[in-house]
Every structure is written in structure tokens, then in C-alpha cells.
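The block underneath contains the structure these notes are about, expressed in C-alpha cells.
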Amino acid sequence: MTNPQYSVSETSSKITKSVCVYCGSRNGKTPDYADEAERLGIGLAQNGFRLVYGAGDVGLMGIVARAAQKAEGRTFGAIPVHLLQQEVGKTDLTQFIITETMHERKKVMVMNADAIVVMPGGPGSLDEFFEVLTWRQLGLHDKPIILLDVNGYWAPLKSLLTHIIDQEFADASLMDFVQSAPTAQGVLDILHREFA
């Protein structure tokens, strides 16, 4: 993939925000997932955002981190000790933290981020998404939560959230906490609106 250029906000040089990216430890079925992961990593770096993620060097995690590094972006990773080998801990990040547990990893990531982006991923990404969504619903944070909905990957999740609301297990306001964009550039546009 060539090194794409992204529209950069006029205020991007002043941005000092951090964006937590949840994404799969696999590449997924279609190369579009990897392409958007690379575009997101490059775009975050070019727009002055620090990448916060799970510190792995496999799957979409590795792609987004290597792309951010290639574009000279700042990177922050947190990985539990039991996943250091399985997820190939990426020790050349700007900041690399080893935690004792998954719970600690997730806490460190959220505490060091100003926004959350959820890329396509598996059960781990869903776990992370529902945790930050629940915390937002409970008023424990007010950070933007953005789904990077590559090729409609998150359509079933959006339908589930609508079903939960329809069945009166959550208020309609739940949907106000989740934004969505089909591309990395769309995610960057949302981030600039949120931090303008």
C-alpha cells in the first residue's frame, strides 16, 4: 500500500490528544480491514494524535502501530504479561507498559486516551467496546466512542444495540454515545469535530 496523505486540520499541529484504538489480533477475512488499519495509523500520526493500543505486533494491532510509527507518530501500548509472546509485544513504541492482567491493561488504555476507536475485531474488541460503552452510560467518562465500520462490519452490532433499546433494556440515549464512520478518514473527521 502506498503512503496516503490525509486531510490535516489547520489546528492539527496543536492537537495533543490520545486515541485508544481497539482492533483485532488477526487481519480478518478481507484486506480492506488491514488497509483501513494502516490508513488510521498514518492518519492519527499526521494529524497529531497519539495512538494508544494493546501493544501487540500481530494482526490489525501491529498494522495500525507500524503505520503510526512510519508516519513518525507517538505510540503508547499496554500489554498483559501473559500475552507478551502470543501478541508479540511491540517494545519499540514511544511508551510500552506491561500490566499484570487484562483488566489492568484495559484500564491503563482508557485512562491514557481522550477518545476510543473500535476497528473490526473479535470477542476481545467487543469486550472492550461494551466496557467503555457501559462506563459512558454510567457517566464514568465522556470520551467519544467511534466504530470504524469497514464494509459494514459493525452493522450487526448496531442492530443489537437498537434491539436492546427496543426491548427497553436501555434508553434511546445509548445510541448518542456511539458514532460510526466507514473509513479511517471519516474517523479522523469525527475526532476533529469532537476536539475542535
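Naming scheme: A, B, ... for chains in displayed order of the C-alpha cells; residues 1 onward per chain; ligands 1 onward as shown.
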Quick one: residues within 9 Å of region 140-147 of chain A, only C-alpha atoms, excluding same-chain residues fewer than 6 positions away - as a list in words?
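Counting only C-alpha atoms, the residues come to Ala113, Asp114, Ala115, Ile116, Val117, Val118, Met119, Pro120, Phe129, Val132, Leu133, Thr134, Trp154, Phe177, Val178, Gln179, Ser180, Ala181, Pro182, Val187, Ile190, Leu191 and Glu194 of chain A.
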Next, the residues of the selection above should be written as a compact mmCIF listing (two decimals), in the first residue's frame with C-alpha atoms.
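Saved result, selection-v7.txt, follows:
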# COMPACT_ATOMS: atom_id res chain seq x y z
CA ALA A 113 -6.93 8.19 25.95
CA ASP A 114 -9.26 11.05 25.07
CA ALA A 115 -11.31 9.06 22.54
CA ILE A 116 -11.92 5.44 21.62
CA VAL A 117 -11.98 3.95 18.13
CA VAL A 118 -13.18 0.38 17.64
CA MET A 119 -11.90 -1.32 14.49
CA PRO A 120 -13.12 -4.71 13.26
CA PHE A 129 -16.34 -1.80 23.31
CA VAL A 132 -16.32 1.64 27.56
CA LEU A 133 -19.93 1.97 26.38
CA THR A 134 -21.21 0.83 29.79
CA TRP A 154 -20.37 -3.39 12.71
CA PHE A 177 -22.69 7.59 22.84
CA VAL A 178 -21.62 5.73 19.68
CA GLN A 179 -20.59 7.32 16.39
CA SER A 180 -19.63 5.48 13.23
CA ALA A 181 -17.60 6.04 10.08
CA PRO A 182 -16.84 3.64 7.20
CA VAL A 187 -12.96 8.65 11.89
CA ILE A 190 -15.17 12.92 13.73
CA LEU A 191 -12.15 13.32 16.00
CA GLU A 194 -15.01 16.40 18.79
Run DSSP on the backbone and tell me which residues of region 95-172 of chain A come out as strand (DSSP E); list them as a ChimeraX atom specification.
/A:95-99,115-118,145-148
Using only C-alpha atoms, the residue out of A:Ala34, A:Ile79, A:Val88, A:Leu148 with shortest distance to Leu188 (chain A) is A:Leu148
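With only C-alpha atoms as the atoms that count, the minimum distance from Gly24 (chain A) to the choices A:Thr99, A:Asn151, A:Thr91, A:Ser125 is reached by A:Ser125.
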So that I can see what lies close to Lys107 (chain A), please list as a VMD selection string the residues with an atom at most 12 Å from it, counting only C-alpha atoms and leaving out residues fewer than 5 positions away in the same chain.
chain A and resid 20 52 to 54 78 to 80 99 to 102 112 to 113 128 131 to 132 135
How about saving the chosen residues, all heavy atoms kept, as a compact mmCIF listing (two decimals), in the first residue's frame?
# COMPACT_ATOMS: atom_id res chain seq x y z
N CYS A 20 -7.43 5.88 21.76
CA CYS A 20 -7.33 4.45 22.02
C CYS A 20 -7.98 3.70 20.86
O CYS A 20 -9.14 3.98 20.52
CB CYS A 20 -8.03 4.11 23.33
SG CYS A 20 -8.07 2.35 23.70
N VAL A 52 -2.99 5.03 21.22
CA VAL A 52 -2.99 4.18 22.41
C VAL A 52 -3.62 2.87 21.99
O VAL A 52 -4.71 2.85 21.42
CB VAL A 52 -3.81 4.82 23.56
CG1 VAL A 52 -3.93 3.86 24.73
CG2 VAL A 52 -3.19 6.14 23.99
N TYR A 53 -2.94 1.75 22.25
CA TYR A 53 -3.49 0.46 21.82
C TYR A 53 -2.89 -0.65 22.67
O TYR A 53 -2.16 -0.40 23.61
CB TYR A 53 -3.25 0.26 20.32
CG TYR A 53 -1.91 -0.33 19.96
CD1 TYR A 53 -1.83 -1.59 19.36
CD2 TYR A 53 -0.72 0.34 20.24
CE1 TYR A 53 -0.60 -2.15 19.04
CE2 TYR A 53 0.50 -0.21 19.93
CZ TYR A 53 0.56 -1.47 19.32
OH TYR A 53 1.77 -2.02 19.03
N GLY A 54 -3.19 -1.90 22.30
CA GLY A 54 -2.84 -3.05 23.12
C GLY A 54 -1.42 -3.56 23.02
O GLY A 54 -1.12 -4.64 23.54
N ALA A 78 -0.08 -0.95 25.93
CA ALA A 78 -0.16 -1.66 27.20
C ALA A 78 -0.53 -3.11 26.91
O ALA A 78 -1.50 -3.37 26.19
CB ALA A 78 -1.21 -1.02 28.12
N ILE A 79 0.24 -4.03 27.45
CA ILE A 79 0.02 -5.44 27.19
C ILE A 79 0.20 -6.24 28.49
O ILE A 79 1.12 -5.95 29.26
CB ILE A 79 0.98 -5.95 26.09
CG1 ILE A 79 0.61 -7.35 25.61
CG2 ILE A 79 2.43 -5.89 26.54
CD1 ILE A 79 1.33 -7.76 24.33
N PRO A 80 -0.69 -7.22 28.74
CA PRO A 80 -0.50 -8.04 29.95
C PRO A 80 0.64 -9.03 29.76
O PRO A 80 0.90 -9.50 28.65
CB PRO A 80 -1.85 -8.74 30.10
CG PRO A 80 -2.44 -8.75 28.74
CD PRO A 80 -1.93 -7.54 28.04
N THR A 99 1.37 -4.90 31.88
CA THR A 99 0.45 -4.98 33.01
C THR A 99 0.37 -6.43 33.50
O THR A 99 0.79 -7.36 32.81
CB THR A 99 -0.96 -4.50 32.62
OG1 THR A 99 -1.50 -5.40 31.64
CG2 THR A 99 -0.91 -3.09 32.06
N GLU A 100 -0.19 -6.60 34.68
CA GLU A 100 -0.32 -7.95 35.23
C GLU A 100 -1.54 -8.68 34.67
O GLU A 100 -1.51 -9.89 34.50
CB GLU A 100 -0.40 -7.89 36.75
CG GLU A 100 0.90 -7.47 37.42
CD GLU A 100 0.83 -7.58 38.93
OE1 GLU A 100 -0.11 -8.22 39.45
OE2 GLU A 100 1.73 -7.03 39.59
N THR A 101 -2.62 -7.94 34.40
CA THR A 101 -3.87 -8.57 33.98
C THR A 101 -4.49 -7.85 32.80
O THR A 101 -4.12 -6.72 32.47
CB THR A 101 -4.90 -8.56 35.12
OG1 THR A 101 -5.28 -7.19 35.38
CG2 THR A 101 -4.35 -9.19 36.40
N MET A 102 -5.48 -8.51 32.17
CA MET A 102 -6.24 -7.89 31.09
C MET A 102 -7.02 -6.69 31.61
O MET A 102 -7.14 -5.66 30.94
CB MET A 102 -7.21 -8.90 30.48
CG MET A 102 -6.55 -9.98 29.66
SD MET A 102 -5.88 -9.36 28.10
CE MET A 102 -7.38 -9.11 27.17
N ASN A 112 -5.48 6.61 29.53
CA ASN A 112 -4.49 7.37 28.77
C ASN A 112 -5.01 7.82 27.40
O ASN A 112 -4.23 8.17 26.53
CB ASN A 112 -3.21 6.53 28.59
CG ASN A 112 -2.38 6.53 29.85
OD1 ASN A 112 -1.66 7.47 30.13
ND2 ASN A 112 -2.52 5.48 30.65
N ALA A 113 -6.33 7.81 27.23
CA ALA A 113 -6.93 8.19 25.95
C ALA A 113 -8.01 9.24 26.14
O ALA A 113 -8.63 9.33 27.20
CB ALA A 113 -7.51 6.98 25.26
N GLU A 128 -14.05 -4.93 24.96
CA GLU A 128 -13.55 -3.57 25.20
C GLU A 128 -14.61 -2.53 24.85
O GLU A 128 -14.82 -1.56 25.59
CB GLU A 128 -12.27 -3.35 24.39
CG GLU A 128 -11.11 -4.19 24.90
CD GLU A 128 -9.97 -4.32 23.91
OE1 GLU A 128 -10.21 -4.29 22.68
OE2 GLU A 128 -8.83 -4.48 24.36
N GLU A 131 -17.43 -2.51 27.45
CA GLU A 131 -16.98 -1.94 28.72
C GLU A 131 -16.97 -0.42 28.67
O GLU A 131 -17.53 0.24 29.55
CB GLU A 131 -15.59 -2.47 29.07
CG GLU A 131 -15.12 -2.00 30.43
CD GLU A 131 -13.89 -2.75 30.89
OE1 GLU A 131 -12.82 -2.57 30.28
OE2 GLU A 131 -14.00 -3.52 31.87
N VAL A 132 -16.37 0.17 27.62
CA VAL A 132 -16.32 1.64 27.56
C VAL A 132 -17.70 2.22 27.31
O VAL A 132 -18.01 3.33 27.77
CB VAL A 132 -15.30 2.17 26.53
CG1 VAL A 132 -13.89 1.82 26.95
CG2 VAL A 132 -15.60 1.71 25.12
N TRP A 135 -19.40 2.14 30.73
CA TRP A 135 -18.84 3.21 31.56
C TRP A 135 -19.39 4.57 31.12
O TRP A 135 -19.66 5.43 31.96
CB TRP A 135 -17.32 3.21 31.48
CG TRP A 135 -16.66 2.04 32.14
CD1 TRP A 135 -17.25 1.07 32.92
CD2 TRP A 135 -15.27 1.71 32.09
NE1 TRP A 135 -16.31 0.17 33.34
CE2 TRP A 135 -15.09 0.53 32.86
CE3 TRP A 135 -14.17 2.29 31.48
CZ2 TRP A 135 -13.85 -0.07 33.02
CZ3 TRP A 135 -12.93 1.69 31.64
CH2 TRP A 135 -12.77 0.53 32.40
Which residue of A:Thr16, A:Ala196, A:Arg39, A:Ala68 approaches Thr183 (chain A) most closely, using only C-alpha atoms:
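Using only C-alpha atoms, the shortest distance to Thr183 (chain A) belongs to A:Arg39.
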Under the rule that only C-alpha atoms are counted, which of A:Met109, A:Glu36, A:Asn47, A:Gly28 is the nearest residue to His192 (chain A)?
A:Asn47
DSSP-assigned alpha helix (DSSP H) members of region 71-131 of chain A, reported as a VMD selection string
chain A and resid 102 to 111 123 to 131
Fewer than 2 positions away in the same chain doesn't count, so skip those; otherwise give me all residues within 10 Å of Gly41 (chain A), counting only C-alpha atoms, as a PDB file with N, CA and C atoms, in the first residue's frame.
ATOM      1  N   VAL A  21      -7.248   2.787  20.253  1.00  0.00           N
ATOM      2  CA  VAL A  21      -7.774   2.000  19.145  1.00  0.00           C
ATOM      3  C   VAL A  21      -7.863   0.534  19.583  1.00  0.00           C
ATOM      4  N   GLU A  36      -7.495  -0.201   6.048  1.00  0.00           N
ATOM      5  CA  GLU A  36      -8.025   0.878   6.888  1.00  0.00           C
ATOM      6  C   GLU A  36      -7.235   1.011   8.184  1.00  0.00           C
ATOM      7  N   ALA A  37      -6.710  -0.099   8.703  1.00  0.00           N
ATOM      8  CA  ALA A  37      -5.854  -0.022   9.902  1.00  0.00           C
ATOM      9  C   ALA A  37      -4.609   0.802   9.587  1.00  0.00           C
ATOM     10  N   GLU A  38      -4.021   0.554   8.423  1.00  0.00           N
ATOM     11  CA  GLU A  38      -2.833   1.320   8.035  1.00  0.00           C
ATOM     12  C   GLU A  38      -3.180   2.791   7.835  1.00  0.00           C
ATOM     13  N   ARG A  39      -4.278   3.035   7.169  1.00  0.00           N
ATOM     14  CA  ARG A  39      -4.703   4.431   6.953  1.00  0.00           C
ATOM     15  C   ARG A  39      -4.972   5.141   8.276  1.00  0.00           C
ATOM     16  N   GLY A  43      -2.986   8.291   9.532  1.00  0.00           N
ATOM     17  CA  GLY A  43      -3.811   9.481   9.731  1.00  0.00           C
ATOM     18  C   GLY A  43      -3.729  10.039  11.136  1.00  0.00           C
ATOM     19  N   LEU A  44      -3.719   9.163  12.136  1.00  0.00           N
ATOM     20  CA  LEU A  44      -3.578   9.640  13.516  1.00  0.00           C
ATOM     21  C   LEU A  44      -2.259  10.380  13.689  1.00  0.00           C
ATOM     22  N   ALA A  45      -1.180   9.792  13.174  1.00  0.00           N
ATOM     23  CA  ALA A  45       0.138  10.422  13.303  1.00  0.00           C
ATOM     24  C   ALA A  45       0.186  11.760  12.572  1.00  0.00           C
ATOM     25  N   GLN A  46      -0.301  11.784  11.350  1.00  0.00           N
ATOM     26  CA  GLN A  46      -0.237  13.013  10.550  1.00  0.00           C
ATOM     27  C   GLN A  46      -1.096  14.126  11.137  1.00  0.00           C
ATOM     28  N   PHE A  49      -2.376  13.062  16.625  1.00  0.00           N
ATOM     29  CA  PHE A  49      -2.957  12.249  17.686  1.00  0.00           C
ATOM     30  C   PHE A  49      -1.972  11.160  18.102  1.00  0.00           C
ATOM     31  N   ARG A  50      -1.884  10.894  19.403  1.00  0.00           N
ATOM     32  CA  ARG A  50      -1.087   9.766  19.888  1.00  0.00           C
ATOM     33  C   ARG A  50      -1.935   8.510  19.835  1.00  0.00           C
ATOM     34  N   LEU A  51      -1.366   7.431  19.318  1.00  0.00           N
ATOM     35  CA  LEU A  51      -2.044   6.141  19.291  1.00  0.00           C
ATOM     36  C   LEU A  51      -1.872   5.441  20.632  1.00  0.00           C
ATOM     37  N   MET A  61      -3.660  -4.884  15.085  1.00  0.00           N
ATOM     38  CA  MET A  61      -2.919  -4.137  16.110  1.00  0.00           C
ATOM     39  C   MET A  61      -1.540  -3.747  15.590  1.00  0.00           C
ATOM     40  N   GLY A  62      -0.828  -4.714  15.055  1.00  0.00           N
ATOM     41  CA  GLY A  62       0.512  -4.449  14.547  1.00  0.00           C
ATOM     42  C   GLY A  62       0.500  -3.498  13.373  1.00  0.00           C
ATOM     43  N   ILE A  63      -0.494  -3.647  12.506  1.00  0.00           N
ATOM     44  CA  ILE A  63      -0.567  -2.801  11.310  1.00  0.00           C
ATOM     45  C   ILE A  63      -0.778  -1.346  11.693  1.00  0.00           C
ATOM     46  N   VAL A  64      -1.724  -1.069  12.585  1.00  0.00           N
ATOM     47  CA  VAL A  64      -2.010   0.315  12.954  1.00  0.00           C
ATOM     48  C   VAL A  64      -0.804   0.950  13.661  1.00  0.00           C
ATOM     49  N   ALA A  65      -0.119   0.163  14.496  1.00  0.00           N
ATOM     50  CA  ALA A  65       1.035   0.699  15.224  1.00  0.00           C
ATOM     51  C   ALA A  65       2.212   0.966  14.292  1.00  0.00           C
ATOM     52  N   ARG A  66       2.528   0.019  13.422  1.00  0.00           N
ATOM     53  CA  ARG A  66       3.646   0.224  12.493  1.00  0.00           C
ATOM     54  C   ARG A  66       3.385   1.395  11.560  1.00  0.00           C
ATOM     55  N   ALA A  67       2.129   1.566  11.157  1.00  0.00           N
ATOM     56  CA  ALA A  67       1.784   2.695  10.287  1.00  0.00           C
ATOM     57  C   ALA A  67       1.970   4.021  11.010  1.00  0.00           C
ATOM     58  N   ALA A  68       1.532   4.078  12.265  1.00  0.00           N
ATOM     59  CA  ALA A  68       1.706   5.304  13.052  1.00  0.00           C
ATOM     60  C   ALA A  68       3.190   5.609  13.242  1.00  0.00           C
ATOM     61  N   GLN A  69       3.981   4.584  13.524  1.00  0.00           N
ATOM     62  CA  GLN A  69       5.427   4.780  13.699  1.00  0.00           C
ATOM     63  C   GLN A  69       6.079   5.255  12.411  1.00  0.00           C
ATOM     64  N   LYS A  70       5.697   4.652  11.292  1.00  0.00           N
ATOM     65  CA  LYS A  70       6.270   5.025   9.991  1.00  0.00           C
ATOM     66  C   LYS A  70       5.998   6.494   9.684  1.00  0.00           C
ATOM     67  N   ALA A  71       4.836   6.976  10.135  1.00  0.00           N
ATOM     68  CA  ALA A  71       4.472   8.377   9.924  1.00  0.00           C
ATOM     69  C   ALA A  71       4.975   9.265  11.056  1.00  0.00           C
ATOM     70  N   GLY A  73       4.530   9.097  14.276  1.00  0.00           N
ATOM     71  CA  GLY A  73       3.564   9.402  15.319  1.00  0.00           C
ATOM     72  C   GLY A  73       4.003   8.864  16.667  1.00  0.00           C
ATOM     73  N   THR A  75       3.303   6.707  20.033  1.00  0.00           N
ATOM     74  CA  THR A  75       2.581   5.462  20.285  1.00  0.00           C
ATOM     75  C   THR A  75       2.696   5.074  21.752  1.00  0.00           C
ATOM     76  N   ALA A 184     -11.128   5.324   7.661  1.00  0.00           N
ATOM     77  CA  ALA A 184     -10.227   5.990   8.597  1.00  0.00           C
ATOM     78  C   ALA A 184     -10.367   7.509   8.495  1.00  0.00           C
TER      79      ALA A 184
END
Could you tell me how far CA of Leu161 (chain A) sits from CA of Val19 (chain A), in Å to one decimal place?
23.3 Å
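When only C-alpha atoms are used to compute distances to Gly48 (chain A), the closest of the residues A:Gln137, A:Gln86, A:Ser18, A:Thr162 turns out to be A:Ser18.
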Can you measure CA of Val150 (chain A) to CA of Asp92 (chain A) for me? One decimal in Å is fine.
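It comes out at 28.2 Å.
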Distance CA of Leu60 (chain A)-CA of Gly122 (chain A), one decimal place?
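Interatomic distance, CA of Leu60 (chain A) to CA of Gly122 (chain A): 11.2 Å.
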Nearest candidate to Leu40 (chain A) (options A:Tyr22, A:Gly56, A:Ile164, A:Gly121; using only C-alpha atoms):
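Among the listed residues, the smallest separation from Leu40 (chain A) belongs to A:Tyr22.
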